[in-house]
Every structure is written in structure tokens, then in C-alpha cells.
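Since the structure comes first, as C-alpha cells, the remarks are kept for the end.
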Amino acid sequence: MPCDRSSRSTTRTESFPDQDDLWAASLFAVATPKFQALRGTRDILTPDAERHRSLVDVFAEQCRLAGYGHIMSPILEDLGVFLRVGESTDVVTKEMYDFQDKDGKRIALRPELTASVVRAFVQHNPPSLPWKVWYEGPQFRHEKPQAGRYRQFSQVGVEVLGSDDPAVDVEVIAVGWRFYQRLGLTQVKLLLNSLGDESCRPEYFAALEEYLRDHAADLSEGSRDTLEKNPLRVLDSKRREDQAIVSNAPLMVDYLTDDTAEHFAAVRSGLDELAITYELSPRLVRGLDYYTRTTFEFASTALENAQNAVGGGGRYDGLAESLGGKPTPGIGFALGVDRILLACDAENVFPAPNLAPEVFLVDLTGGSQAALLADVLRRGGIAADRGFDGRSMKAQMKVADRSGAPWAVIIGEDELTQGNVTLRDMHGDTGQTLLQRDELLAALASRLAH
Ligand code: AMP
């Protein structure tokens with residue numbers, strides 16, 4: 001079982017009152033509990049939610065330009081999908097949300113999307129290869145929440161299945177790299193490594209394990225545990241007491257066979273040709289077990305070190321097979337949307353989009369004229385907002401002002417009888433103009449340069 005079920009409480013918790021609590025509250029006039037988003041999860045409100053969506057739009061456009069199709073796969077997966085691919089990783093054994101559904105089936109809330117996409121690839125067996133897809137959506141990991149680390153977070157990513165051409169590695173990395181650039185980020189660096197494949201890993205793993213066992217007494221307790229499960233992951237330790245041992249550990253690059261070394265060299269020269277700069281990072285390992293050969297991470301130097309990874313990925317040539325498919329090479333990456341937005345804040349780029357309506361309707365005749373005109377304008381492609389509740393001119397003008405709309409349309413009793421409206425320039429100096437109602441749409445369209 002990946003998660004510690006013994007720690008799950010069957011009693012009620014303060015943050016999740018059940019039906020009985022609600023009954024008690026209503027019977028005894030106890031204050032109704034106020035619910036909060038769960039720890040490590042957040043409501044993303046406007047305009048941040050629009051900013052998040054625009055970021056996904058930029059990513060989608062980069063992917064479209066590079067010939068990637070969209071895939072939407074379920075948030076719920078068979079628990080087995082992740083158990084197959086990450087049995088010795090924290091993401092799967094410690095952090096995954098899993099439960100039994102009402103049919104007794106063991107389900108996981110996906111902690112990442114690569115395994116789901118590969119499961120989908122095996123399930124649908126696409127006829128033409130390479131199969132190039134992109135995705136976006138929420139992931140779930142029961143981590144210790146902190147700035148830039150949440151229990152529900154969003155990723156965008158790509159996966160390519162069916163080719164082990166190093167040019168695919170280069171293309172995948174370039175899609176990520178150009179995406180950061182499109183956002184305006186300049187302080188993202190690419191860390192690159194090769195984790196070898198089955199032709200060289202056994203020899204390297206044996207050497208690494210022997211070295212770590214020889215030094216086990218000096219490793220932190222956490223790393224001694226990791227050593228028992230997966231020696232490679234000890235290299236990922238951030239604990240200070242492990243650093244001396246980790247920095248002298250044998251390196252995968254010294255064990256690469258000619259084939260894997262050649263593949264890695266071709267990836268590097270492809271990146272050089274595109275002028276994509278990278279740092280070789282021979283101790284870079286990734287959080288999941290399935291990575292082989294090219295492995296990379298994108299780190300923002302504008303963010304605090306502890307939480308500066310804004311994306312990562314690599315090859316996973318054995319994954320399709322371990323999920324019941326034919327041997328199929330694959331590569332992909334996942335980028336953390338929440339953290340990329342923090343990097344954008346730190347670099348002061350990619351602001352939230354302007355959400356102000358283009359026009360605000362102030363109706364002093366009861367509200368039905370605003371309804372009619374808003375409908376006409378919106379159908380004509382103009383963003384029109386309006387006041388409600390039959391409020392006074394002063395109150396509605398205040399809301400119009402606060403909305404940021406460059407134009408206000410005022411409909412008073414006089415305008416209603418005469419079939420016209422007053423158009424007011426809220427920011428410029430053209431003042432007010434009286435227009436026939438049927439001229440309004442065209443007049444606004446030309447002023448807004450539609
Ligand atoms: P991974 O799937 O672990 O390779 O993560 C890919 C990217 O997702 C990371 O580089 C982060 O940007 C982001 N990420 C991973 N875990 C979290 C989390 N708990 N909260 C926010 N972002 C995360």
C-alpha cells in the first residue's frame with residue numbers, strides 16, 4: 001500500500017463537519033461552521049485565474065506550432081498505474097492520494113500525468129508514430145505545503161511516444177525553452193544529464209550502491225532509508241550532512257556505453273545548434289523511477305533555491321512496456337504552472353490580462369434597457385458590463401469607474417423617450433456624445449478599434 005492507512009482517522013475532523021454537525025448547528029443555533037479550502041489547496045480568484053488560463057493558452061499555442069495534439073485524460077486513475085511505475089519513489093509511496101471507491105476499486109488521484117498519458121497510449125494504440133501530445137491540469141500530492149509547494153497544483157506538459165531519435169529530445173526541450181521565453185522569463189536555466197539505459201545502468205547502479213554502502217554510516221538517516229529502496233535517489237538528497245558523500249559518488253556519465261553516450265552527444269549538439277544553453281548536471285536524477293537517458297530540469301534563478309524547479313522531464317523508454325504495451329521509447333516534460341507564475345512575479349513579466357469591460361451600462365430607468373443593450377453589444381463582440389439593483393446614477397457611475405471600462409453608456413428617462421443614449425468617455429477628454437440607440441454598436445466598435 002503506498003500510503004499509510006493507519007494514520008487515517010475515521011473520526012470527524014474540525015475542518016470537515018458531517019451531517020450530524022450540521023444538524024446540531026441548526027437545532028442548537030450553534031454558529032454554522034465556515035469551510036475553508038483544504039490545507040495545501042487554494043482558490044485561485046480573478047485576475048490570477050485568468051492569468052493562469054492565459055499561461056495555458058500560451059503553452060497550447062507553442063504546442064500547436066510544434067505539431068502536438070491535445071490530450072485530456074482522467075484525474076482518477078487505477079492505483080496500479082502509478083504503483084507499476086514508481087514503487088520506490090516518494091511521489092507514489094508517500095504522497096499519493098489513494099482511496100477505495102464505492103465499488104471497492106483502488107483509485108489514485110493522479111500525482112503526475114506521464115504515467116496516465118502512457119496508459120492512454122497503450123490503451124488506444126495510436127496508428128501513427130511518433131505520437132505527440134500536450135496536456136494541462138491539476139495534480140495531487142500530499143506534500144508539506146509551503147510557498148510554491150501545494151497539495152493540488154497545476155502542470156502543463158508534453159509527451160512523445162514512438163521515437164528515440166535524439167532530435168525528438170531536442171524538440172521537446174525546445175518547446176519548453178521557447179515557452180518560458182514567450183512568457184518573458186529570462187532567468188530560467190536548463191540542467192541536463194543522461195541517466196543511461198539498461199545497457200549501462202546495472203554496472204553503474206552496482207558501483208553506486210557499493211560506494212554508498214561503504215559510506216552509509218556517514219549518510220543521514222533519511223538517505224540510508226532511500227539507499228535501501230533506490231540508491232540513485234540518494235543523489236537527489238538536499239540534506240547538508242549528505243553533500244560530501246553525494247559529491248564524490250560515481251557518476252552515470254562515466255558509465256555510459258558508446259550508444260547512450262552518442263545519443264546524449266547528439267542531444268547536446270542539437271541544443272547547441274538551436275542556441276539553447278544548458279548546464280551539464282551529472283547528479284540530476286528525477287522524482288520518478290522510470291527515467292532513462294536524457295534527463296533535464298528547468299530551474300528559475302529568480303526563485304528561492306528550495307523551490308526553484310519550474311519544470312522537468314526526460315526519456316522513459318521502458319514505461320510503455322511496464323504498463324502492458326509494446327516496447328516504445330518515450331520522452332516528455334511537465335512544467336509547474338503555479339511555480340512558473342511565481343517566477344513571472346519575481347521577474348516582473350507576464351502580468352494578469354486586463355479584465356476591464358469595454359463599456360459599462362448605467363441604466364436609470366429600472367434596468368431592462370441595460371439588459372437589452374448589453375445583449376446587443378455582447379452579441380456584437382463588445383465586452384459590456386452593467387449595474388444592477390436599480391441603484392442611483394452616482395452609485396452606478398462609481399461601479400462603472402471602478403470597472404475600468406473606457407466607455408460608459410447612460411440611459412436616463414430622457415434618453416429612453418427619445419430613443420437615444422449618452423456615451424461618456426471615462427478616461428479620455430472627448431466628454432459625452434448623444435447617439436441614436438441603433439448607432440451605438442458601430443460607434444463603440446470604431447472607438448474601440450474592433
Ligand atoms: P515533477 O512531476 O515532480 O517532475 O514536477 C514537475 C514540476 O511540477 C516541478 O518542476 C514543479 O514546477 C512542479 N511541482 C511539482 N510538485 C509541486 C507541488 N507540490 N506544488 C507546486 N508545483 C509542483
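Ligands are numbered from 1 in the order shown, residues from 1 within each chain, and chains are lettered A, B, ... in the order they appear in the C-alpha cells.
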Pull the closest atom pair for each residue of chain A that gets at most 9 Å from ligand 1, along with the distance in Å to one decimal, counting only C-alpha atoms and all ligand atoms, ordering rows by chain and then ascending residue number, as JSON lines.
```
{"residue": "A:Gly40", "atom": "CA", "partner": "ligand 1", "partner_atom_place_in_ligand_line": "19 (N)", "distance": 8.5}
{"residue": "A:Val91", "atom": "CA", "partner": "ligand 1", "partner_atom_place_in_ligand_line": "3 (O)", "distance": 7.7}
{"residue": "A:Pro111", "atom": "CA", "partner": "ligand 1", "partner_atom_place_in_ligand_line": "2 (O)", "distance": 7.6}
{"residue": "A:Glu112", "atom": "CA", "partner": "ligand 1", "partner_atom_place_in_ligand_line": "2 (O)", "distance": 5.5}
{"residue": "A:Leu113", "atom": "CA", "partner": "ligand 1", "partner_atom_place_in_ligand_line": "2 (O)", "distance": 7.8}
{"residue": "A:Thr114", "atom": "CA", "partner": "ligand 1", "partner_atom_place_in_ligand_line": "2 (O)", "distance": 8.4}
{"residue": "A:Gln139", "atom": "CA", "partner": "ligand 1", "partner_atom_place_in_ligand_line": "17 (C)", "distance": 8.2}
{"residue": "A:Phe140", "atom": "CA", "partner": "ligand 1", "partner_atom_place_in_ligand_line": "19 (N)", "distance": 7.5}
{"residue": "A:Arg141", "atom": "CA", "partner": "ligand 1", "partner_atom_place_in_ligand_line": "19 (N)", "distance": 6.0}
{"residue": "A:His142", "atom": "CA", "partner": "ligand 1", "partner_atom_place_in_ligand_line": "19 (N)", "distance": 7.8}
{"residue": "A:Glu143", "atom": "CA", "partner": "ligand 1", "partner_atom_place_in_ligand_line": "19 (N)", "distance": 6.1}
{"residue": "A:Lys144", "atom": "CA", "partner": "ligand 1", "partner_atom_place_in_ligand_line": "19 (N)", "distance": 8.1}
{"residue": "A:Pro145", "atom": "CA", "partner": "ligand 1", "partner_atom_place_in_ligand_line": "19 (N)", "distance": 7.3}
{"residue": "A:Gln146", "atom": "CA", "partner": "ligand 1", "partner_atom_place_in_ligand_line": "20 (N)", "distance": 8.4}
{"residue": "A:Ala147", "atom": "CA", "partner": "ligand 1", "partner_atom_place_in_ligand_line": "20 (N)", "distance": 8.4}
{"residue": "A:Gly148", "atom": "CA", "partner": "ligand 1", "partner_atom_place_in_ligand_line": "21 (C)", "distance": 5.2}
{"residue": "A:Arg149", "atom": "CA", "partner": "ligand 1", "partner_atom_place_in_ligand_line": "20 (N)", "distance": 3.4}
{"residue": "A:Tyr150", "atom": "CA", "partner": "ligand 1", "partner_atom_place_in_ligand_line": "20 (N)", "distance": 4.0}
{"residue": "A:Arg151", "atom": "CA", "partner": "ligand 1", "partner_atom_place_in_ligand_line": "19 (N)", "distance": 5.4}
{"residue": "A:Gln152", "atom": "CA", "partner": "ligand 1", "partner_atom_place_in_ligand_line": "20 (N)", "distance": 6.8}
{"residue": "A:Phe153", "atom": "CA", "partner": "ligand 1", "partner_atom_place_in_ligand_line": "21 (C)", "distance": 5.0}
{"residue": "A:Ser154", "atom": "CA", "partner": "ligand 1", "partner_atom_place_in_ligand_line": "22 (N)", "distance": 6.8}
{"residue": "A:Gln155", "atom": "CA", "partner": "ligand 1", "partner_atom_place_in_ligand_line": "8 (O)", "distance": 5.9}
{"residue": "A:Val156", "atom": "CA", "partner": "ligand 1", "partner_atom_place_in_ligand_line": "8 (O)", "distance": 8.5}
{"residue": "A:Gly157", "atom": "CA", "partner": "ligand 1", "partner_atom_place_in_ligand_line": "6 (C)", "distance": 8.9}
{"residue": "A:Arg286", "atom": "CA", "partner": "ligand 1", "partner_atom_place_in_ligand_line": "4 (O)", "distance": 6.6}
{"residue": "A:Gly287", "atom": "CA", "partner": "ligand 1", "partner_atom_place_in_ligand_line": "3 (O)", "distance": 5.6}
{"residue": "A:Leu288", "atom": "CA", "partner": "ligand 1", "partner_atom_place_in_ligand_line": "3 (O)", "distance": 7.5}
{"residue": "A:Glu297", "atom": "CA", "partner": "ligand 1", "partner_atom_place_in_ligand_line": "10 (O)", "distance": 7.0}
{"residue": "A:Phe298", "atom": "CA", "partner": "ligand 1", "partner_atom_place_in_ligand_line": "10 (O)", "distance": 7.0}
{"residue": "A:Ala299", "atom": "CA", "partner": "ligand 1", "partner_atom_place_in_ligand_line": "10 (O)", "distance": 7.6}
{"residue": "A:Gln307", "atom": "CA", "partner": "ligand 1", "partner_atom_place_in_ligand_line": "11 (C)", "distance": 7.8}
{"residue": "A:Asn308", "atom": "CA", "partner": "ligand 1", "partner_atom_place_in_ligand_line": "12 (O)", "distance": 7.5}
{"residue": "A:Ala309", "atom": "CA", "partner": "ligand 1", "partner_atom_place_in_ligand_line": "10 (O)", "distance": 4.2}
{"residue": "A:Val310", "atom": "CA", "partner": "ligand 1", "partner_atom_place_in_ligand_line": "12 (O)", "distance": 3.5}
{"residue": "A:Gly311", "atom": "CA", "partner": "ligand 1", "partner_atom_place_in_ligand_line": "10 (O)", "distance": 3.3}
{"residue": "A:Gly312", "atom": "CA", "partner": "ligand 1", "partner_atom_place_in_ligand_line": "4 (O)", "distance": 4.9}
{"residue": "A:Gly313", "atom": "CA", "partner": "ligand 1", "partner_atom_place_in_ligand_line": "4 (O)", "distance": 6.1}
{"residue": "A:Phe333", "atom": "CA", "partner": "ligand 1", "partner_atom_place_in_ligand_line": "4 (O)", "distance": 7.4}
{"residue": "A:Ala334", "atom": "CA", "partner": "ligand 1", "partner_atom_place_in_ligand_line": "6 (C)", "distance": 4.8}
{"residue": "A:Leu335", "atom": "CA", "partner": "ligand 1", "partner_atom_place_in_ligand_line": "7 (C)", "distance": 4.6}
{"residue": "A:Gly336", "atom": "CA", "partner": "ligand 1", "partner_atom_place_in_ligand_line": "12 (O)", "distance": 3.4}
{"residue": "A:Val337", "atom": "CA", "partner": "ligand 1", "partner_atom_place_in_ligand_line": "12 (O)", "distance": 6.7}
{"residue": "A:Asp338", "atom": "CA", "partner": "ligand 1", "partner_atom_place_in_ligand_line": "21 (C)", "distance": 5.9}
{"residue": "A:Arg339", "atom": "CA", "partner": "ligand 1", "partner_atom_place_in_ligand_line": "12 (O)", "distance": 5.3}
{"residue": "A:Ile340", "atom": "CA", "partner": "ligand 1", "partner_atom_place_in_ligand_line": "12 (O)", "distance": 6.8}
```
| request: Would you kindly return, as number ranges by chain, each protein, DNA or RNA residue with an atom no farther than 8 Å from any atom of range 193-196 of chain A, considering only C-alpha atoms and excluding same-chain residues fewer than 4 positions away? | output: A: 200-201, 252-253, 255-257, 260, 264, 280-285, 291-296
| Non-local contacts of Ala265 in chain A (10 Å; only C-alpha atoms; under 6 positions in same chain excluded) as a list in words | Pro166, Ser194, Asp259 and Leu271 of chain A
How close does range 378-434 of chain A get to range 438-443 of chain A? List, as CSV, each residue of range 378-434 of chain A within 10 Å, its nearest atom pair and the distance in Å to one decimal, counting only C-alpha atoms.
```
residue,atom,partner,partner_atom,distance
A:Arg378,CA,A:Leu441,CA,9.5
A:Arg379,CA,A:Leu441,CA,9.8
A:Gly380,CA,A:Leu441,CA,7.0
A:Gly381,CA,A:Leu441,CA,9.3
A:Ile382,CA,A:Leu441,CA,8.2
A:Val409,CA,A:Leu440,CA,9.0
A:Gly419,CA,A:Asp438,CA,8.8
A:Asn420,CA,A:Asp438,CA,8.2
A:Val421,CA,A:Leu440,CA,7.9
A:Thr422,CA,A:Leu440,CA,9.4
A:Leu423,CA,A:Leu440,CA,8.4
A:Leu434,CA,A:Leu440,CA,9.7
```
Write a file of the selected residues as a PDB file, in the first residue's frame, keeping N, CA, C and O atoms.
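Output (result-v7.pdb):
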```pdb
ATOM      1  N   ARG A 378     -22.905  42.655 -26.520  1.00  0.00           N
ATOM      2  CA  ARG A 378     -22.154  41.394 -26.337  1.00  0.00           C
ATOM      3  C   ARG A 378     -22.259  40.546 -27.603  1.00  0.00           C
ATOM      4  O   ARG A 378     -21.271  39.942 -28.029  1.00  0.00           O
ATOM      5  N   ARG A 379     -23.455  40.508 -28.216  1.00  0.00           N
ATOM      6  CA  ARG A 379     -23.584  39.728 -29.459  1.00  0.00           C
ATOM      7  C   ARG A 379     -22.714  40.336 -30.555  1.00  0.00           C
ATOM      8  O   ARG A 379     -22.274  39.645 -31.458  1.00  0.00           O
ATOM      9  N   GLY A 380     -22.472  41.635 -30.446  1.00  0.00           N
ATOM     10  CA  GLY A 380     -21.606  42.310 -31.419  1.00  0.00           C
ATOM     11  C   GLY A 380     -20.129  42.216 -31.052  1.00  0.00           C
ATOM     12  O   GLY A 380     -19.293  42.862 -31.693  1.00  0.00           O
ATOM     13  N   GLY A 381     -19.795  41.469 -30.009  1.00  0.00           N
ATOM     14  CA  GLY A 381     -18.382  41.222 -29.673  1.00  0.00           C
ATOM     15  C   GLY A 381     -17.770  42.276 -28.773  1.00  0.00           C
ATOM     16  O   GLY A 381     -16.548  42.364 -28.644  1.00  0.00           O
ATOM     17  N   ILE A 382     -18.615  43.085 -28.130  1.00  0.00           N
ATOM     18  CA  ILE A 382     -18.075  44.121 -27.229  1.00  0.00           C
ATOM     19  C   ILE A 382     -18.312  43.682 -25.784  1.00  0.00           C
ATOM     20  O   ILE A 382     -19.413  43.255 -25.426  1.00  0.00           O
ATOM     21  N   VAL A 409     -22.164  53.956 -21.007  1.00  0.00           N
ATOM     22  CA  VAL A 409     -23.377  54.325 -21.750  1.00  0.00           C
ATOM     23  C   VAL A 409     -24.451  54.601 -20.710  1.00  0.00           C
ATOM     24  O   VAL A 409     -24.701  53.761 -19.836  1.00  0.00           O
ATOM     25  N   GLY A 419     -35.238  57.637 -27.582  1.00  0.00           N
ATOM     26  CA  GLY A 419     -34.610  56.525 -28.340  1.00  0.00           C
ATOM     27  C   GLY A 419     -33.126  56.720 -28.560  1.00  0.00           C
ATOM     28  O   GLY A 419     -32.567  56.230 -29.539  1.00  0.00           O
ATOM     29  N   ASN A 420     -32.475  57.440 -27.648  1.00  0.00           N
ATOM     30  CA  ASN A 420     -31.021  57.575 -27.784  1.00  0.00           C
ATOM     31  C   ASN A 420     -30.312  57.201 -26.483  1.00  0.00           C
ATOM     32  O   ASN A 420     -30.957  56.795 -25.503  1.00  0.00           O
ATOM     33  N   VAL A 421     -28.993  57.325 -26.475  1.00  0.00           N
ATOM     34  CA  VAL A 421     -28.192  57.019 -25.273  1.00  0.00           C
ATOM     35  C   VAL A 421     -27.067  58.045 -25.193  1.00  0.00           C
ATOM     36  O   VAL A 421     -26.694  58.648 -26.196  1.00  0.00           O
ATOM     37  N   THR A 422     -26.523  58.222 -23.991  1.00  0.00           N
ATOM     38  CA  THR A 422     -25.368  59.106 -23.826  1.00  0.00           C
ATOM     39  C   THR A 422     -24.117  58.246 -23.706  1.00  0.00           C
ATOM     40  O   THR A 422     -24.070  57.328 -22.870  1.00  0.00           O
ATOM     41  N   LEU A 423     -23.136  58.523 -24.544  1.00  0.00           N
ATOM     42  CA  LEU A 423     -21.862  57.787 -24.477  1.00  0.00           C
ATOM     43  C   LEU A 423     -20.842  58.685 -23.802  1.00  0.00           C
ATOM     44  O   LEU A 423     -20.603  59.816 -24.249  1.00  0.00           O
ATOM     45  N   LEU A 434     -24.304  62.283 -27.594  1.00  0.00           N
ATOM     46  CA  LEU A 434     -25.633  61.692 -27.666  1.00  0.00           C
ATOM     47  C   LEU A 434     -25.716  60.891 -28.963  1.00  0.00           C
ATOM     48  O   LEU A 434     -25.392  61.407 -30.034  1.00  0.00           O
TER      49      LEU A 434
END
```
| Exercise: Leu227 in chain A partners within 10 Å, only C-alpha atoms, chain neighbours under 5 positions left out, as a PyMOL selection string | chain A and resi 208-209+212-213+216+219+221-222+232-235
| request: Determine which residues of range 198-356 of chain A DSSP labels as strand (DSSP E or B) from the backbone of this structure, then write them out as a count of residues only. | output: 25
| range 136-317 of chain A: which residues are alpha helix (DSSP H) by DSSP, as a ChimeraX atom specification? | /A:166-183,201-214,221-229,231-234,243-247,258-273
| task | Could you check how far CA of Met397 in chain A sits from CA of Val376 in chain A, in Å to one decimal? | result | 21.0 Å
| field | Distance of CA of Asp363 in chain A from CA of Arg402 in chain A, expressed in Å to one decimal place | value |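 Distance reported for this atom pair: 16.5 Å.
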